[in-house]
Amino acid sequence: MSNPTDRKIAMIGGGGVRTPLVIFGINEAAAALGAREMVLYDPDQERLKVIAALGRAVVAKEGGGLIIRETASVEDAVEGADFVLNSVRVGGIASRAADELAAIKHGYPGQETTGPAGAAMALRTVPVALDHARVVERLAPSAWIVNFTNPAGLITQAISTHTKARVVGICDTPTELLHRITLALGARHDEVVCDYVGLNHLGWVRRIRLRGEDVTDRVLDDDTILSQLYTAPLFDFAMIRALRLIPTEYLFFYYSRRRALENQKRQGSSRGTEVEQLNHSCSPP
C-alpha cells in the first residue's frame with residue numbers, strides 16, 4: 001500500500017453518471033484519505049472521456065489537488081491502488097430494462113436487486129466482478145474493493161467467497177433513510193444517532209436517539225414523521241409499529257410485492273425502462 005499521503009483510488013465503471021458525485025466526495029475528503037490520484041476505467045471509452053472531463057471540472061471548481069485520470073486498461077487503473085471502487089453495469093441499462101420487464105410479465109416486480117431480475121443481473125455480473133477482483137488480487141493485494149455494483153450484497157459475497165481480495169459492500173439507501181429521519185425531526189445530522197441492522201438493501205432502523213434521548217416511540221407513533229421518511233407512501237404505518245422497525249425502501253419489494261407489481265403494471269414500465277428512456281432523450285443526436 002502506498003504512502004498514506006499519496007494514495008491512489010481506482011474506479012472500475014468510472015463512466016457511470018454518478019461518478020462526478022463520487023469524485024466530488026473524494027475530493028472533499030482527499031486530505032483525510034491521503035488521496036492524490038483517482039483513475040477511472042470503463043469499457044465505454046467515449047463515455048469515460050466525458051465523465052472524466054466532468055470530474056476534473058468538479059475538482060477545479062471545488063479546489064483541491066486530486067488528479068483525475070482515465071485509462072483504457074483495468075490493470076492500469078488497479079495497479080498500486082489503495083482502494084478500488086467497483087460500480088459496473090454488465091449489459092448496460094438496456095439489459096436491466098429487459099430483465100425487469102420479463103419479471104413483470106411473469107408476475108414478479110421488476111427490480112435490479114431482488115427477484116428474477118436481480119438474479120439475472122447477478123448471473124451476468126458475478127463472473128465480471130470476479131475477474132476484476134482477481135486483477136486486484138494480483139496488482140493491488142493490499143487494496144480494499146468497495147463494491148457499489150448491484151445486486152450489492154450478492155456481488156460482495158461472491159468476491160469474498162471466491163477470491164482473496166479484501167472487499168466491503170456499500171449502498172446509499174441506509175444513509176438516505178437516516179438523513180430523512182433527521183429532517184423529519186427538524187434536527188442537525190450530529191444530533192441524531194440511529195441504530196441500524198441489516199446489509200445493503202435489506203435493513204431497518206431499530207432505535208433513534210435525538211440529542212441523547214431515545215425518541216423511537218415518538219417517531220413510531222407519529223404519522224406525520226413516518227410519512228416524511230419515504231418519497232412515496234410505501235409502507236403501512238401499522239405494520240411499521242408492529243415490527244417496531246423502520247425499513248429501508250427496498251423492503252417494499254418484499255413486504256408489498258403484489259402492490260409493487262401492480263404499480264409497475266399500471267405504469268407499463270419499470271425503473272430500468274424509465275432510466276433507459278431518459279438516457280436516450282439526453283443523448284446527443
# chains A, B, ... in the order shown; residues from 1 in each chain; ligands from 1
>>> residues_around(residues="region 160-171 of chain A", least_positions_apart="2", cutoff="7 Å", atoms="only C-alpha atoms", output="list of chain:residue names")
A:Ala133, A:Arg134, A:Val136, A:Glu137, A:Pro141, A:Ala143, A:Trp144, A:Ile145, A:Val146, A:Asn147, A:Phe148, A:Ala152, A:Gly153, A:Thr156, A:Gln157, A:Ala158, A:Thr173, A:Pro174, A:Asn200
>>> write_last_selection(atoms="N, CA and C atoms", output="tab-separated table (two decimals), in the first residue's frame")
chain	number	residue	atom	x	y	z
A	133	ALA	N	-11.87	-8.61	-9.50
A	133	ALA	CA	-11.32	-8.85	-8.16
A	133	ALA	C	-9.99	-9.59	-8.25
A	134	ARG	N	-9.86	-10.48	-9.21
A	134	ARG	CA	-8.60	-11.22	-9.36
A	134	ARG	C	-7.48	-10.33	-9.88
A	136	VAL	N	-7.30	-7.22	-8.95
A	136	VAL	CA	-6.93	-6.54	-7.71
A	136	VAL	C	-6.03	-7.44	-6.87
A	137	GLU	N	-6.39	-8.72	-6.75
A	137	GLU	CA	-5.56	-9.68	-6.02
A	137	GLU	C	-4.11	-9.65	-6.51
A	141	PRO	N	-2.75	-6.23	-3.98
A	141	PRO	CA	-3.24	-7.20	-3.00
A	141	PRO	C	-3.61	-6.61	-1.65
A	143	ALA	N	-5.14	-3.68	-1.37
A	143	ALA	CA	-6.23	-2.72	-1.58
A	143	ALA	C	-7.56	-3.26	-1.05
A	144	TRP	N	-8.44	-2.34	-0.72
A	144	TRP	CA	-9.83	-2.68	-0.40
A	144	TRP	C	-10.69	-2.43	-1.62
A	145	ILE	N	-11.48	-3.43	-2.01
A	145	ILE	CA	-12.52	-3.22	-3.01
A	145	ILE	C	-13.76	-2.69	-2.29
A	146	VAL	N	-14.28	-1.58	-2.77
A	146	VAL	CA	-15.51	-1.02	-2.22
A	146	VAL	C	-16.59	-1.23	-3.29
A	147	ASN	N	-17.49	-2.17	-3.03
A	147	ASN	CA	-18.43	-2.59	-4.06
A	147	ASN	C	-19.74	-1.80	-4.01
A	148	PHE	N	-20.05	-1.10	-5.12
A	148	PHE	CA	-21.34	-0.45	-5.33
A	148	PHE	C	-22.25	-1.29	-6.24
A	152	ALA	N	-25.95	-5.68	-4.69
A	152	ALA	CA	-24.75	-5.35	-3.92
A	152	ALA	C	-24.33	-6.45	-2.95
A	153	GLY	N	-25.26	-6.96	-2.16
A	153	GLY	CA	-24.90	-7.98	-1.18
A	153	GLY	C	-24.37	-9.24	-1.84
A	156	THR	N	-20.85	-8.68	-3.46
A	156	THR	CA	-19.84	-8.61	-2.40
A	156	THR	C	-19.55	-9.99	-1.83
A	157	GLN	N	-20.61	-10.79	-1.62
A	157	GLN	CA	-20.42	-12.14	-1.10
A	157	GLN	C	-19.63	-13.00	-2.08
A	158	ALA	N	-19.92	-12.87	-3.37
A	158	ALA	CA	-19.21	-13.66	-4.38
A	158	ALA	C	-17.72	-13.35	-4.36
A	173	THR	N	-28.69	3.67	0.32
A	173	THR	CA	-30.07	3.60	0.81
A	173	THR	C	-30.16	3.80	2.33
A	174	PRO	N	-29.34	3.12	3.15
A	174	PRO	CA	-29.42	3.37	4.59
A	174	PRO	C	-29.14	4.83	4.96
A	200	ASN	N	-26.81	-3.65	3.17
A	200	ASN	CA	-27.09	-3.07	1.86
A	200	ASN	C	-28.58	-2.77	1.69
>>> closest_atom_pairs(of="region 118-212 of chain A", to="region 93-108 of chain A", cutoff="10 Å", atoms="only C-alpha atoms", output="Markdown table")
| residue | atom | partner | partner_atom | distance |
| --- | --- | --- | --- | --- |
| A:Gly118 | CA | A:Asp99 | CA | 8.1 |
| A:Ala119 | CA | A:Asp99 | CA | 9.2 |
| A:Ala120 | CA | A:Asp99 | CA | 6.7 |
| A:Met121 | CA | A:Arg96 | CA | 7.1 |
| A:Arg124 | CA | A:Ser95 | CA | 9.6 |
>>> atom_distance(atom1="CA of Gly65 (chain A)", atom2="CA of Ile12 (chain A)")
21.4 Å
>>> closest_residue(among="A:Leu220, A:Leu251, A:Val193, A:Met38", to="Leu234 (chain A)", atoms="only C-alpha atoms")
A:Leu251
>>> decode(residues="region 32-101 of chain A", atoms="C-alpha atoms", output="mmCIF file, in the first residue's frame")
data_model
loop_
_atom_site.group_PDB
_atom_site.id
_atom_site.type_symbol
_atom_site.label_atom_id
_atom_site.label_comp_id
_atom_site.auth_asym_id
_atom_site.auth_seq_id
_atom_site.Cartn_x
_atom_site.Cartn_y
_atom_site.Cartn_z
ATOM 1 C CA ALA A 32 -8.320 12.859 5.268
ATOM 2 C CA LEU A 33 -7.944 9.968 2.818
ATOM 3 C CA GLY A 34 -4.496 10.991 1.706
ATOM 4 C CA ALA A 35 -5.782 10.667 -1.859
ATOM 5 C CA ARG A 36 -3.566 12.035 -4.627
ATOM 6 C CA GLU A 37 -4.931 10.384 -7.767
ATOM 7 C CA MET A 38 -8.218 8.864 -8.927
ATOM 8 C CA VAL A 39 -8.043 6.670 -12.029
ATOM 9 C CA LEU A 40 -11.235 5.857 -13.922
ATOM 10 C CA TYR A 41 -11.722 2.773 -16.087
ATOM 11 C CA ASP A 42 -14.728 1.926 -18.247
ATOM 12 C CA PRO A 43 -15.062 -0.189 -21.405
ATOM 13 C CA ASP A 44 -17.047 2.654 -22.995
ATOM 14 C CA GLN A 45 -14.092 4.936 -23.669
ATOM 15 C CA GLU A 46 -16.090 7.699 -25.339
ATOM 16 C CA ARG A 47 -18.406 7.978 -22.367
ATOM 17 C CA LEU A 48 -15.455 7.748 -19.984
ATOM 18 C CA LYS A 49 -13.752 10.764 -21.555
ATOM 19 C CA VAL A 50 -16.868 12.873 -20.979
ATOM 20 C CA ILE A 51 -17.244 11.761 -17.357
ATOM 21 C CA ALA A 52 -13.530 12.255 -16.608
ATOM 22 C CA ALA A 53 -13.727 15.796 -18.006
ATOM 23 C CA LEU A 54 -16.722 16.475 -15.767
ATOM 24 C CA GLY A 55 -14.764 15.086 -12.823
ATOM 25 C CA ARG A 56 -11.825 17.388 -13.498
ATOM 26 C CA ALA A 57 -14.243 20.321 -13.760
ATOM 27 C CA VAL A 58 -15.709 19.377 -10.364
ATOM 28 C CA VAL A 59 -12.248 19.314 -8.774
ATOM 29 C CA ALA A 60 -11.303 22.624 -10.417
ATOM 30 C CA LYS A 61 -14.496 24.305 -9.208
ATOM 31 C CA GLU A 62 -14.250 22.980 -5.665
ATOM 32 C CA GLY A 63 -10.498 23.347 -5.331
ATOM 33 C CA GLY A 64 -8.099 20.682 -4.165
ATOM 34 C CA GLY A 65 -5.297 18.784 -5.779
ATOM 35 C CA LEU A 66 -6.964 15.465 -6.647
ATOM 36 C CA ILE A 67 -5.701 14.242 -10.022
ATOM 37 C CA ILE A 68 -8.362 12.658 -12.241
ATOM 38 C CA ARG A 69 -7.142 10.343 -14.984
ATOM 39 C CA GLU A 70 -8.944 7.954 -17.333
ATOM 40 C CA THR A 71 -7.483 4.736 -18.718
ATOM 41 C CA ALA A 72 -8.368 2.069 -21.279
ATOM 42 C CA SER A 73 -6.932 -0.710 -19.098
ATOM 43 C CA VAL A 74 -8.393 -2.124 -15.900
ATOM 44 C CA GLU A 75 -4.837 -3.233 -14.983
ATOM 45 C CA ASP A 76 -3.541 0.326 -15.281
ATOM 46 C CA ALA A 77 -6.411 1.581 -13.103
ATOM 47 C CA VAL A 78 -5.903 -1.034 -10.402
ATOM 48 C CA GLU A 79 -2.121 -1.433 -10.191
ATOM 49 C CA GLY A 80 -0.824 0.014 -6.936
ATOM 50 C CA ALA A 81 -4.240 1.286 -5.853
ATOM 51 C CA ASP A 82 -5.162 1.549 -2.198
ATOM 52 C CA PHE A 83 -8.919 1.477 -2.841
ATOM 53 C CA VAL A 84 -10.808 0.098 -5.833
ATOM 54 C CA LEU A 85 -14.382 1.297 -6.265
ATOM 55 C CA ASN A 86 -16.434 -1.245 -8.194
ATOM 56 C CA SER A 87 -19.505 0.162 -9.951
ATOM 57 C CA VAL A 88 -20.298 -1.728 -13.144
ATOM 58 C CA ARG A 89 -23.448 -2.498 -15.109
ATOM 59 C CA VAL A 90 -22.798 -5.538 -17.266
ATOM 60 C CA GLY A 91 -25.004 -5.398 -20.352
ATOM 61 C CA GLY A 92 -25.851 -1.756 -19.802
ATOM 62 C CA ILE A 93 -29.178 -0.211 -18.878
ATOM 63 C CA ALA A 94 -30.912 -1.992 -21.780
ATOM 64 C CA SER A 95 -30.269 -5.369 -20.129
ATOM 65 C CA ARG A 96 -31.618 -4.105 -16.825
ATOM 66 C CA ALA A 97 -34.775 -2.871 -18.541
ATOM 67 C CA ALA A 98 -35.226 -6.203 -20.351
ATOM 68 C CA ASP A 99 -34.753 -8.171 -17.114
ATOM 69 C CA GLU A 100 -37.289 -6.066 -15.267
ATOM 70 C CA LEU A 101 -39.923 -6.210 -17.994
#
